[in-house]
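Printed here is entry31.txt (compact mmCIF, C-alpha atoms):
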# COMPACT_ATOMS: atom_id res chain seq x y z
CA MET Z 28 0.00 0.00 0.00
CA ARG Z 29 1.30 3.47 -0.88
CA ALA Z 30 2.35 5.67 2.04
CA TYR Z 31 0.54 8.67 0.61
CA LYS Z 32 -3.20 8.54 1.21
CA VAL Z 33 -3.81 12.02 -0.19
CA TYR Z 34 -4.09 12.99 -3.80
CA ALA Z 35 -1.08 13.78 -5.96
CA ILE Z 36 -0.33 17.37 -6.98
CA LYS Z 37 0.48 18.61 -10.46
CA ASP Z 38 2.94 21.37 -9.51
CA GLY Z 39 4.38 22.34 -6.16
CA THR Z 40 6.35 20.89 -3.26
CA VAL Z 41 5.98 17.76 -1.15
CA ILE Z 42 7.76 17.93 2.19
CA ASP Z 43 8.23 14.32 3.28
CA HIS Z 44 9.77 12.64 6.35
CA ILE Z 45 8.79 15.44 8.71
CA PRO Z 46 9.26 14.21 12.29
CA ASP Z 47 5.97 13.01 13.77
CA GLY Z 48 4.00 15.96 15.15
CA GLN Z 49 6.07 18.72 13.51
CA GLY Z 50 3.83 19.17 10.45
CA MET Z 51 1.48 21.67 12.04
CA GLY Z 52 4.42 23.75 13.20
CA ILE Z 53 5.80 23.91 9.66
CA ILE Z 54 2.41 25.06 8.34
CA ASP Z 55 2.62 28.01 10.74
CA LEU Z 56 6.34 28.58 10.24
CA LEU Z 57 5.89 28.99 6.49
CA ASN Z 58 2.62 30.89 6.95
CA LEU Z 59 0.90 28.34 4.71
CA ARG Z 60 -2.57 29.08 6.08
CA GLN Z 61 -2.35 32.26 4.00
CA TRP Z 62 -1.32 30.41 0.79
CA ASN Z 63 -4.10 30.87 -1.73
CA ARG Z 64 -3.83 27.34 -3.18
CA THR Z 65 -4.42 23.95 -1.59
CA VAL Z 66 -2.14 22.78 1.20
CA THR Z 67 -2.51 19.20 2.46
CA LEU Z 68 -1.16 18.06 5.82
CA GLY Z 69 -0.86 14.36 6.58
CA ILE Z 70 -0.14 13.36 10.16
CA GLY Z 71 1.05 10.02 11.47
CA PHE Z 72 1.99 8.25 8.23
CA HIS Z 73 3.97 5.05 8.61
CA SER Z 74 7.72 5.55 8.18
CA LYS Z 75 10.23 2.69 7.93
CA LYS Z 76 13.02 4.83 9.37
CA HIS Z 77 11.26 6.88 12.01
CA GLY Z 78 8.09 4.88 12.85
CA LYS Z 79 5.78 7.79 12.10
CA LYS Z 80 6.09 10.91 10.00
CA ASP Z 81 4.13 13.92 8.80
CA VAL Z 82 3.84 14.97 5.15
CA ILE Z 83 2.90 18.36 3.65
CA LYS Z 84 1.87 18.96 0.03
CA ILE Z 85 1.78 22.54 -1.22
CA GLU Z 86 0.22 23.25 -4.57
CA ASP Z 87 1.91 25.67 -6.98
CA LYS Z 88 4.69 26.69 -4.61
CA GLU Z 89 8.41 25.94 -4.68
CA LEU Z 90 10.04 26.89 -1.42
CA THR Z 91 12.74 29.57 -1.22
CA PRO Z 92 16.18 28.68 0.21
CA ALA Z 93 15.31 30.68 3.36
CA GLU Z 94 12.13 28.63 3.83
CA VAL Z 95 14.06 25.38 3.34
CA ASN Z 96 16.59 26.53 5.96
CA LYS Z 97 13.78 27.15 8.44
CA ILE Z 98 12.54 23.60 7.89
CA ALA Z 99 16.07 22.26 8.41
CA ILE Z 100 16.03 23.69 11.94
CA VAL Z 101 12.68 22.28 13.07
CA ALA Z 102 12.57 19.13 10.91
CA PRO Z 103 16.15 18.05 10.12
CA THR Z 104 15.04 14.67 8.67
CA ALA Z 105 12.67 16.23 6.11
CA THR Z 106 13.07 15.63 2.38
CA MET Z 107 11.91 18.04 -0.30
CA ASN Z 108 10.29 16.93 -3.54
CA ILE Z 109 9.75 19.53 -6.23
CA ILE Z 110 6.87 18.50 -8.49
CA ARG Z 111 6.37 19.84 -12.00
CA ASN Z 112 3.68 18.44 -14.25
CA HIS Z 113 3.07 15.47 -11.90
CA LYS Z 114 6.74 14.45 -11.96
CA ILE Z 115 9.39 14.77 -9.24
CA VAL Z 116 12.00 16.97 -10.91
CA LYS Z 117 14.14 17.51 -7.82
CA LYS Z 118 14.47 15.62 -4.55
CA PHE Z 119 16.83 16.53 -1.72
CA ASN Z 120 17.33 16.27 2.02
CA VAL Z 121 17.12 19.53 3.92
CA GLU Z 122 20.48 20.58 5.26
CA LEU Z 123 21.34 23.34 7.68
CA PRO Z 124 23.71 25.79 5.99
CA GLU Z 125 26.93 26.90 7.70
CA THR Z 126 25.49 30.40 8.24
CA LEU Z 127 21.86 31.32 9.01
CA GLU Z 128 20.99 34.96 8.30
CA GLY Z 129 17.83 36.52 9.70
CA ILE Z 130 15.83 33.36 10.36
CA VAL Z 131 16.63 32.61 14.02
CA LYS Z 132 16.03 34.86 17.03
CA CYS Z 133 18.89 35.06 19.53
CA PRO Z 134 17.66 33.65 22.88
CA ASN Z 135 20.13 35.86 24.80
CA PRO Z 136 18.17 38.93 26.04
CA ALA Z 137 21.43 40.91 26.34
CA CYS Z 138 22.37 40.30 22.69
CA VAL Z 139 22.43 43.46 20.57
CA THR Z 140 20.27 41.77 17.91
CA ASN Z 141 17.33 41.87 20.34
CA HIS Z 142 17.65 45.63 20.80
CA ASP Z 143 18.80 47.18 17.55
CA PRO Z 144 16.30 47.57 14.71
CA VAL Z 145 18.91 47.30 11.92
CA ALA Z 146 20.61 44.21 13.33
CA THR Z 147 19.94 41.03 11.36
CA THR Z 148 20.61 37.88 13.34
CA ARG Z 149 23.42 35.66 12.11
CA PHE Z 150 24.20 32.21 13.45
CA PHE Z 151 26.93 29.72 12.62
CA LYS Z 152 26.28 26.00 12.59
CA GLU Z 153 28.41 23.98 14.97
CA ASN Z 154 29.80 20.64 13.87
CA GLY Z 155 28.15 17.66 15.49
CA LYS Z 156 25.21 15.31 15.24
CA LYS Z 157 22.80 17.53 17.14
CA ILE Z 158 21.72 20.97 16.01
CA GLU Z 159 23.72 23.65 17.77
CA LEU Z 160 24.11 27.25 16.66
CA ARG Z 161 26.43 30.08 17.68
CA CYS Z 162 25.32 33.71 17.56
CA ALA Z 163 27.76 35.81 15.53
CA TYR Z 164 27.14 38.81 17.83
CA CYS Z 165 26.96 37.70 21.48
CA GLU Z 166 28.99 34.56 20.59
CA ARG Z 167 26.86 32.26 22.77
CA TYR Z 168 25.98 28.69 21.83
CA PHE Z 169 22.39 27.48 21.69
CA LYS Z 170 20.98 23.98 21.49
CA GLU Z 171 17.99 22.88 19.41
CA HIS Z 172 15.41 23.26 22.19
CA GLU Z 173 16.49 26.89 22.80
CA ILE Z 174 16.28 27.97 19.16
CA GLU Z 175 13.33 30.06 18.03
CA VAL Z 176 12.73 30.52 14.30
CA ILE Z 177 11.59 34.03 13.33
CA MET X 29 52.11 38.74 18.09
CA HIS X 30 52.37 41.63 15.64
CA ILE X 31 50.25 43.78 17.97
CA LEU X 32 52.38 42.83 20.98
CA ASN X 33 55.62 43.52 19.09
CA THR X 34 54.30 46.91 17.96
CA ALA X 35 53.30 47.72 21.57
CA LYS X 36 56.84 46.87 22.68
CA LYS X 37 58.26 49.37 20.18
CA PHE X 38 55.88 52.05 21.50
CA LYS X 39 56.93 51.28 25.07
CA ILE X 40 60.54 51.95 24.13
CA LYS X 41 59.87 55.02 21.99
CA VAL X 42 56.69 56.87 21.10
CA ASN X 43 56.21 58.93 17.92
CA PRO X 44 54.35 62.11 19.01
CA ILE X 45 53.15 63.04 15.51
CA LEU X 46 52.24 59.61 14.15
CA LEU X 47 48.46 60.15 14.34
CA LYS X 48 48.43 63.91 13.74
CA HIS X 49 45.13 65.09 12.20
CA LYS X 50 43.43 61.81 13.14
CA ILE X 51 40.40 61.86 15.45
CA LEU X 52 39.38 59.16 17.92
CA ALA X 53 35.72 59.02 19.00
CA SER X 54 35.72 57.65 22.53
CA LEU X 55 32.22 56.22 23.04
CA PHE X 56 31.89 54.69 26.48
CA PHE X 57 28.18 54.13 26.96
CA GLU X 58 29.11 52.28 30.16
CA PRO X 59 31.40 53.60 32.90
CA SER X 60 35.13 53.04 32.42
CA THR X 61 38.26 54.50 33.96
CA ARG X 62 41.39 52.66 32.85
CA THR X 63 40.23 51.54 29.40
CA ARG X 64 38.85 54.92 28.44
CA PHE X 65 41.74 56.95 29.88
CA SER X 66 44.35 54.73 28.28
CA PHE X 67 42.66 54.92 24.85
CA GLU X 68 42.42 58.70 25.11
CA SER X 69 45.95 59.08 26.47
CA ALA X 70 47.29 56.79 23.75
CA MET X 71 45.66 58.93 21.05
CA GLU X 72 47.02 62.15 22.59
CA ARG X 73 50.53 60.74 22.91
CA LEU X 74 50.55 59.84 19.22
CA GLY X 75 49.51 63.36 18.26
CA GLY X 76 45.86 62.64 17.51
CA SER X 77 42.80 64.29 18.98
CA ILE X 78 39.68 63.03 20.72
CA ILE X 79 35.94 63.58 20.73
CA SER X 80 34.11 61.81 23.51
CA LEU X 81 30.97 61.44 25.57
CA ALA X 82 31.20 63.42 28.80
CA GLU X 83 29.25 60.58 30.40
CA ALA X 84 26.92 57.86 29.13
CA LYS X 85 23.89 59.60 30.61
CA SER X 86 24.51 62.65 28.42
CA SER X 87 24.44 60.74 25.13
CA SER X 88 21.56 60.23 22.73
CA ALA X 89 21.71 56.53 23.65
CA SER X 90 20.14 57.53 26.97
CA LYS X 91 17.30 59.03 24.92
CA GLY X 92 16.69 55.68 23.25
CA GLU X 93 18.95 55.95 20.19
CA SER X 94 20.08 52.56 18.89
CA VAL X 95 23.73 51.50 18.79
CA SER X 96 23.65 51.47 14.99
CA ASP X 97 22.25 55.01 14.74
CA SER X 98 24.73 56.38 17.29
CA ILE X 99 27.65 54.84 15.40
CA LYS X 100 26.44 55.96 11.95
CA ILE X 101 26.33 59.57 13.17
CA VAL X 102 29.62 59.64 15.08
CA ASP X 103 31.33 57.76 12.25
CA LYS X 104 31.18 60.92 10.14
CA TYR X 105 33.10 62.96 12.72
CA CYS X 106 36.12 60.73 13.31
CA ASP X 107 38.71 58.31 11.89
CA VAL X 108 38.48 55.55 14.52
CA ILE X 109 36.04 54.61 17.29
CA ALA X 110 36.78 53.03 20.68
CA MET X 111 33.57 51.93 22.39
CA ARG X 112 32.08 50.16 25.37
CA HIS X 113 28.42 49.18 25.53
CA SER X 114 26.35 46.95 27.80
CA LEU X 115 24.81 44.98 24.90
CA GLU X 116 26.68 41.85 23.85
CA GLY X 117 27.79 41.99 20.22
CA SER X 118 27.43 45.79 20.08
CA ALA X 119 31.00 46.29 18.87
CA ARG X 120 30.52 43.75 16.06
CA LEU X 121 27.32 45.45 14.97
CA ALA X 122 29.10 48.82 15.12
CA SER X 123 31.88 47.49 12.88
CA GLU X 124 29.25 46.50 10.31
CA VAL X 125 27.57 49.90 10.13
CA SER X 126 30.73 52.01 10.42
CA ASN X 127 33.17 52.93 7.67
CA ASN X 128 35.91 53.45 10.26
CA PRO X 129 37.68 50.87 12.42
CA ILE X 130 35.99 49.96 15.73
CA LEU X 131 37.99 48.99 18.82
CA ASN X 132 35.94 47.03 21.36
CA GLY X 133 36.46 48.33 24.89
CA GLY X 134 34.01 45.78 26.31
CA ASP X 135 30.59 44.53 25.15
CA GLY X 136 28.48 43.50 28.13
CA ALA X 137 29.57 40.20 29.64
CA ASN X 138 30.95 39.04 26.29
CA GLN X 139 34.49 40.17 25.48
CA HIS X 140 37.13 42.73 26.41
CA PRO X 141 39.79 42.06 23.78
CA THR X 142 42.07 45.09 24.26
CA GLN X 143 42.42 44.11 27.93
CA THR X 144 43.49 40.68 26.74
CA PHE X 145 46.20 42.18 24.54
CA LEU X 146 47.61 44.11 27.50
CA ASP X 147 47.35 40.99 29.68
CA LEU X 148 49.25 38.99 27.05
CA PHE X 149 51.78 41.80 26.69
CA SER X 150 52.36 41.77 30.47
CA ILE X 151 52.65 37.98 30.55
CA LEU X 152 55.15 38.02 27.67
CA GLU X 153 57.09 40.83 29.33
CA THR X 154 57.44 38.92 32.62
CA GLN X 155 57.78 35.35 31.34
CA LYS X 156 59.58 35.99 28.01
CA LYS X 157 57.21 33.53 26.33
CA LEU X 158 53.48 32.78 25.96
CA LYS X 159 53.64 29.08 25.13
CA GLY X 160 53.14 26.37 27.75
CA LEU X 161 52.68 28.56 30.84
CA ASN X 162 50.75 27.54 33.97
CA VAL X 163 48.14 30.25 34.48
CA ALA X 164 45.49 30.49 37.20
CA LEU X 165 42.39 32.63 36.53
CA VAL X 166 40.88 33.40 39.90
CA GLY X 167 37.73 34.94 41.34
CA ASP X 168 34.63 35.84 39.36
CA LEU X 169 35.05 33.78 36.21
CA LYS X 170 31.33 33.73 35.40
CA TYR X 171 30.80 37.44 34.85
CA GLY X 172 34.42 38.53 34.40
CA ARG X 173 34.70 39.19 30.66
CA THR X 174 38.47 39.78 30.95
CA THR X 175 38.94 36.17 32.02
CA HIS X 176 36.85 34.89 29.09
CA SER X 177 38.94 36.67 26.46
CA LEU X 178 42.20 35.79 28.20
CA ALA X 179 41.26 32.11 28.52
CA TYR X 180 40.64 31.92 24.75
CA ALA X 181 43.92 33.63 23.97
CA LEU X 182 46.01 31.56 26.38
CA GLY X 183 44.27 28.41 25.14
CA MET X 184 45.60 29.21 21.67
CA PHE X 185 49.14 29.47 23.08
CA GLY X 186 48.92 26.05 24.73
CA ALA X 187 48.77 27.30 28.33
CA ARG X 188 47.71 24.99 31.17
CA LEU X 189 44.79 26.83 32.75
CA PHE X 190 43.56 26.55 36.36
CA PHE X 191 40.11 28.06 36.99
CA ILE X 192 39.87 28.87 40.70
CA ALA X 193 36.43 30.11 41.76
CA PRO X 194 33.43 29.27 43.93
CA PRO X 195 31.19 26.82 42.02
CA SER X 196 28.56 29.51 41.45
CA LEU X 197 31.12 31.78 39.71
CA GLN X 198 33.01 29.18 37.65
CA MET X 199 33.90 29.64 33.97
CA PRO X 200 30.72 29.56 31.81
CA SER X 201 30.11 26.50 29.66
CA TYR X 202 30.19 28.53 26.42
CA VAL X 203 33.81 29.44 27.19
CA THR X 204 34.88 25.92 28.17
CA HIS X 205 33.09 24.67 25.04
CA ASP X 206 35.49 26.79 22.95
CA LEU X 207 38.49 25.76 25.02
CA LYS X 208 37.70 22.10 24.31
CA LYS X 209 37.61 22.89 20.60
CA LEU X 210 41.06 24.48 20.95
CA LYS X 211 42.18 21.35 22.83
CA ALA X 212 43.22 23.63 25.70
CA LYS X 213 44.11 21.99 28.99
CA TYR X 214 42.17 23.29 31.99
CA SER X 215 40.86 22.21 35.36
CA THR X 216 38.51 23.77 37.91
CA HIS X 217 39.32 24.34 41.58
CA THR X 218 37.74 26.04 44.57
CA GLU X 219 40.95 26.90 46.48
CA PRO X 220 44.34 28.18 45.29
CA GLU X 221 46.78 26.88 47.98
CA ARG X 222 47.86 23.56 46.48
CA ILE X 223 48.29 24.95 42.98
CA MET X 224 50.45 27.96 43.91
CA PRO X 225 53.89 26.22 43.54
CA LYS X 226 53.07 25.24 39.93
CA LEU X 227 52.01 28.67 38.70
CA ASP X 228 53.74 31.18 36.45
CA ILE X 229 50.84 33.66 36.47
CA PHE X 230 48.07 34.28 39.01
CA TYR X 231 45.34 36.38 37.34
CA ALA X 232 43.11 37.72 40.10
CA THR X 233 39.68 39.29 39.62
CA ARG X 234 37.23 40.90 41.98
CA ILE X 235 34.42 38.84 43.47
CA GLN X 236 31.43 41.11 43.54
CA LYS X 237 29.15 40.79 46.51
CA GLU X 238 26.11 41.72 44.43
CA ARG X 239 26.55 38.58 42.28
CA PHE X 240 25.47 36.40 45.21
CA GLY X 241 21.77 35.84 45.83
CA ASP X 242 22.49 34.69 49.36
CA PRO X 243 24.83 36.99 51.38
CA MET X 244 25.84 33.98 53.50
CA GLU X 245 27.31 32.34 50.40
CA TYR X 246 29.44 35.43 49.79
CA GLU X 247 30.69 35.42 53.39
CA LYS X 248 31.75 31.78 52.98
CA VAL X 249 33.93 32.32 49.92
CA LYS X 250 35.16 35.91 50.02
CA ASP X 251 38.31 35.26 52.08
CA ALA X 252 39.36 32.18 50.12
CA TYR X 253 40.46 34.38 47.24
CA ILE X 254 42.35 37.14 49.08
CA ILE X 255 46.04 37.10 48.24
CA THR X 256 48.36 37.70 51.17
CA ASN X 257 52.12 37.22 51.54
CA LYS X 258 51.38 33.95 53.37
CA LEU X 259 49.91 32.49 50.18
CA LEU X 260 53.12 33.37 48.30
CA THR X 261 55.66 31.42 50.36
CA LYS X 262 56.07 28.52 47.90
CA VAL X 263 55.74 30.26 44.53
CA LYS X 264 58.24 30.02 41.66
CA LYS X 265 60.81 32.78 41.10
CA ASN X 266 59.22 33.92 37.87
CA PHE X 267 55.72 33.98 39.44
CA LYS X 268 53.70 37.17 38.86
CA ILE X 269 50.28 38.42 39.98
CA LEU X 270 48.12 40.25 37.47
CA HIS X 271 44.73 41.92 38.01
CA PRO X 272 42.60 43.94 35.56
CA LEU X 273 41.85 46.39 38.45
CA PRO X 274 40.13 47.96 40.26
CA ARG X 275 40.84 45.79 43.29
CA VAL X 276 38.78 46.00 46.44
CA ASN X 277 40.25 43.57 48.92
CA GLU X 278 41.29 40.58 46.82
CA ILE X 279 45.00 41.56 46.85
CA ASN X 280 46.25 42.61 50.26
CA TYR X 281 48.27 45.86 50.13
CA GLU X 282 51.30 44.06 51.66
CA VAL X 283 51.64 42.14 48.38
CA ASP X 284 52.32 45.40 46.47
CA ASN X 285 55.89 45.44 47.81
CA THR X 286 56.77 41.88 46.76
CA PRO X 287 58.54 41.10 43.46
CA TYR X 288 55.41 39.19 42.43
CA ALA X 289 53.11 42.21 42.14
CA TYR X 290 52.81 43.31 38.49
CA TYR X 291 49.27 44.73 38.29
CA PHE X 292 50.23 48.42 38.20
CA GLU X 293 52.80 47.82 35.46
CA GLN X 294 50.10 45.77 33.70
CA ALA X 295 47.69 48.73 33.81
CA ASN X 296 50.46 50.96 32.46
CA ASN X 297 50.96 48.54 29.57
CA GLY X 298 47.39 49.27 28.51
CA LEU X 299 48.68 52.54 27.14
CA PHE X 300 51.28 50.98 24.81
CA VAL X 301 48.94 48.25 23.60
CA ARG X 302 46.24 50.79 22.76
CA GLU X 303 48.81 53.04 21.03
CA ALA X 304 49.73 50.02 18.93
CA LEU X 305 46.10 49.18 18.15
CA LEU X 306 45.25 52.76 17.14
CA ALA X 307 48.32 53.04 14.92
CA LEU X 308 47.70 49.65 13.33
CA VAL X 309 44.01 50.09 12.54
CA LEU X 310 44.76 53.54 11.08
CA GLY X 311 47.45 52.00 8.87
CA LYS X 312 50.27 54.08 10.33
CA VAL X 313 52.69 51.26 11.22
What does the file become when written as structure tokens?
Amino acid sequence: MRAYKVYAIKDGTVIDHIPDGQGMGIIDLLNLRQWNRTVTLGIGFHSKKHGKKDVIKIEDKELTPAEVNKIAIVAPTATMNIIRNHKIVKKFNVELPETLEGIVKCPNPACVTNHDPVATTRFFKENGKKIELRCAYCERYFKEHEIEVI
Amino acid sequence: MHILNTAKKFKIKVNPILLKHKILASLFFEPSTRTRFSFESAMERLGGSIISLAEAKSSSASKGESVSDSIKIVDKYCDVIAMRHSLEGSARLASEVSNNPILNGGDGANQHPTQTFLDLFSILETQKKLKGLNVALVGDLKYGRTTHSLAYALGMFGARLFFIAPPSLQMPSYVTHDLKKLKAKYSTHTEPERIMPKLDIFYATRIQKERFGDPMEYEKVKDAYIITNKLLTKVKKNFKILHPLPRVNEINYEVDNTPYAYYFEQANNGLFVREALLALVLGKV
């Protein structure tokens, strides 16, 4: 039996292998409730690797690199499928870039980025299995559970 | 090392017209005595001139102006900016919005890099080397930004570091995280006595009473970190005590007359290091 129990899309993006329970968060993160075409959210699909997974299908939208980077923070196991004319033309795993500009809020209340209107946040990815970021300004390290996506 | 070598040249001989017609903006949004005076004195001694805030309260920052706006405005009036601000990362942000060089005189609890250069200069001056020294950082390591910057720098030179502090004021994990990446050797201690004979440098800092939630906790630890002549009976010949100053009671005045006291010379070195930094960032050496 196919994993996908929702209809196929002609053009757009399928975000697969979202960790179980994270799908709703991604809908909000990407502001997809405002998207004027159909968005389908599947929760609790069977996954060989992770047991359960969420899946999102977005009609007529290909995500920007900044949007993909946001997903990499909250759903590091996600895979992106770009669909054009019913065919998968591109498939890739999300990957956190070395530098994240303007998409993460610094959790340190004394950091200048939380006080200065022209400051754009910038974080560097730390090497390691778990997600850990370092603020380029206050130079503090933050673990996954502390990170807030803007 | 280039900065330290340049500072050494300035200590031997200063060029009184090197920075003639150059203007330093001295922007200390937070109180400062030694850092500010030594930056301003350094600029004067090299023939430059200074514009500065009379006091932080008198600046537009006190009226709610952002760091970036303050810097963009002052940037037009000067050739180099030395600044201190309570927000962490403020100097980095300033460097991004300014066309002129920015010298960080302290950004909140983050870094105080020019202090580190003068600390390194003083260590090099007294030990004739920076590699492989045994250095104790003592006192308030949690909030003391001078110890954070110095620990990074000494870690790069392969020093063996001893962090001596009450558990509540030990070195923050984000600093030790970096030290591990540098493969720096360090250990934590609560008392200095047993380590004293091993040390080349004892870097003391002030334990601030207001950092303790419980005054009883402060009473318990405050005397453990006061240096007296009794503590110095088994130290090495080359042993020296440094302190970023001001001291309150952590170095007993009797220690001032021993050959181990180097903190006043260290403060004096701030002048030569800041002369070197100003001349270097303005491309004059």
Using all atoms listed in the file, what does the table of chain X residues within 12 Å of chain Z look like, with each row giving the shortest atom pair and its distance in Å to one decimal, sorted by chain and ascending number, as a tab-separated table?
residue	atom	partner	partner_atom	distance
X:Ala89	CA	Z:Asp143	CA	11.5
X:Gly92	CA	Z:His142	CA	10.4
X:Glu93	CA	Z:Asp143	CA	9.2
X:Ser94	CA	Z:Asp143	CA	5.7
X:Val95	CA	Z:Asp143	CA	6.7
X:Ser96	CA	Z:Asp143	CA	7.0
X:Asp97	CA	Z:Val145	CA	8.9
X:Ser98	CA	Z:Asp143	CA	10.9
X:Ile99	CA	Z:Asp143	CA	11.9
X:Lys100	CA	Z:Val145	CA	11.5
X:His113	CA	Z:Val139	CA	9.7
X:Ser114	CA	Z:Ala137	CA	7.9
X:Leu115	CA	Z:Val139	CA	5.2
X:Glu116	CA	Z:Cys138	CA	4.7
X:Gly117	CA	Z:Tyr164	CA	4.0
X:Ser118	CA	Z:Val139	CA	5.5
X:Ala119	CA	Z:Tyr164	CA	8.5
X:Arg120	CA	Z:Tyr164	CA	6.2
X:Leu121	CA	Z:Ala146	CA	7.0
X:Ala122	CA	Z:Ala146	CA	9.8
X:Ser123	CA	Z:Tyr164	CA	11.1
X:Glu124	CA	Z:Ala146	CA	9.4
X:Val125	CA	Z:Val145	CA	9.2
X:Gly134	CA	Z:Cys165	CA	11.8
X:Asp135	CA	Z:Cys165	CA	8.6
X:Gly136	CA	Z:Ala137	CA	7.7
X:Ala137	CA	Z:Ala137	CA	8.8
X:Asn138	CA	Z:Cys165	CA	6.4
X:Gln139	CA	Z:Cys165	CA	8.9
X:His176	CA	Z:Glu166	CA	11.6
X:Ser177	CA	Z:Glu166	CA	11.7
X:Pro200	CA	Z:Arg167	CA	10.2
X:Ser201	CA	Z:Tyr168	CA	9.1
X:Tyr202	CA	Z:Arg167	CA	6.2
X:Val203	CA	Z:Arg167	CA	8.7
X:Thr204	CA	Z:Tyr168	CA	11.3
X:His205	CA	Z:Tyr168	CA	8.8
X:Asp206	CA	Z:Tyr168	CA	9.8
X:Lys209	CA	Z:Asn154	CA	10.6
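You will find CA of Leu59 (chain Z) at 21.5 Å from CA of Glu128 (chain Z).
Summary of the local environment: counting all atoms listed in the file, residues at most 10 Å from region 123-125 of chain Z, other than itself and those fewer than 3 positions away along its chain, are Pro92, Val95, Asn96, Lys97, Ile98, Ala99, Ile100, Pro103, Asn120, Glu128, Phe150, Phe151, Lys152, Glu153, Asn154, Ile158 and Leu160 of chain Z.
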Fill in: Within 9 Å of Lys213 (chain X) using all atoms listed in the file, minus same-chain residues under 2 positions, as a PyMOL selection string
chain X and resi 183+186-190+207-208+210-211+215
For C-alpha atoms, I'd like the residues from the last selection saved as a PDB file, keeping the file's coordinate frame.
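Written out: result31.pdb:
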ATOM      1  CA  GLY X 183      44.270  28.410  25.140  1.00  0.00           C
ATOM      2  CA  GLY X 186      48.920  26.050  24.730  1.00  0.00           C
ATOM      3  CA  ALA X 187      48.770  27.300  28.330  1.00  0.00           C
ATOM      4  CA  ARG X 188      47.710  24.990  31.170  1.00  0.00           C
ATOM      5  CA  LEU X 189      44.790  26.830  32.750  1.00  0.00           C
ATOM      6  CA  PHE X 190      43.560  26.550  36.360  1.00  0.00           C
ATOM      7  CA  LEU X 207      38.490  25.760  25.020  1.00  0.00           C
ATOM      8  CA  LYS X 208      37.700  22.100  24.310  1.00  0.00           C
ATOM      9  CA  LEU X 210      41.060  24.480  20.950  1.00  0.00           C
ATOM     10  CA  LYS X 211      42.180  21.350  22.830  1.00  0.00           C
ATOM     11  CA  SER X 215      40.860  22.210  35.360  1.00  0.00           C
TER      12      SER X 215
END
Fill in: Neighbour list for Asp103 (chain X) as a PyMOL selection string, cut-off 8 Å, all atoms listed in the file, skip fewer than 5 positions in-chain
chain X and resi 108-109+126-128
Selection to disk with C-alpha atoms, as a PDB file, in the coordinates of the input:
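Result saved to part05.pdb:
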ATOM      1  CA  VAL X 108      38.480  55.550  14.520  1.00  0.00           C
ATOM      2  CA  ILE X 109      36.040  54.610  17.290  1.00  0.00           C
ATOM      3  CA  SER X 126      30.730  52.010  10.420  1.00  0.00           C
ATOM      4  CA  ASN X 127      33.170  52.930   7.670  1.00  0.00           C
ATOM      5  CA  ASN X 128      35.910  53.450  10.260  1.00  0.00           C
TER       6      ASN X 128
END
Worksheet item: Excluding same-chain residues fewer than 4 positions from region 259-267 of chain X, what lies within 7 Å of it counting all atoms listed in the file, as JSON, numbers by chain?
Response: {"X": [155, 221, 224, 225, 227, 228, 229, 255, 288]}
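One finds CA of Lys237 (chain X) at 24.8 Å from CA of Val163 (chain X).
Residues with any atom within 12 Å of Gly48 (chain Z), counting all atoms listed in the file and excluding same-chain neighbours fewer than 4 positions away, are His44, Gly52, Ile53, Ile54, Leu68, Gly69, Ile70, Gly71, Phe72, Lys79, Lys80, Asp81, Val82, Ile83, Val101 and Ala102 of chain Z.
CA of Tyr171 (chain X) is found 25.5 Å from CA of Leu305 (chain X).
Considering all atoms listed in the file, the residue among Z:Lys75, Z:Thr106, Z:Arg149, Z:Cys133 positioned nearest to Lys118 (chain Z) is Z:Thr106.
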Worksheet item: Of the residues Z:Val66, Z:Ile115, Z:Lys37, Z:Gly129, which is the one nearest to Glu94 (chain Z), using only C-alpha atoms?
Response: Z:Gly129
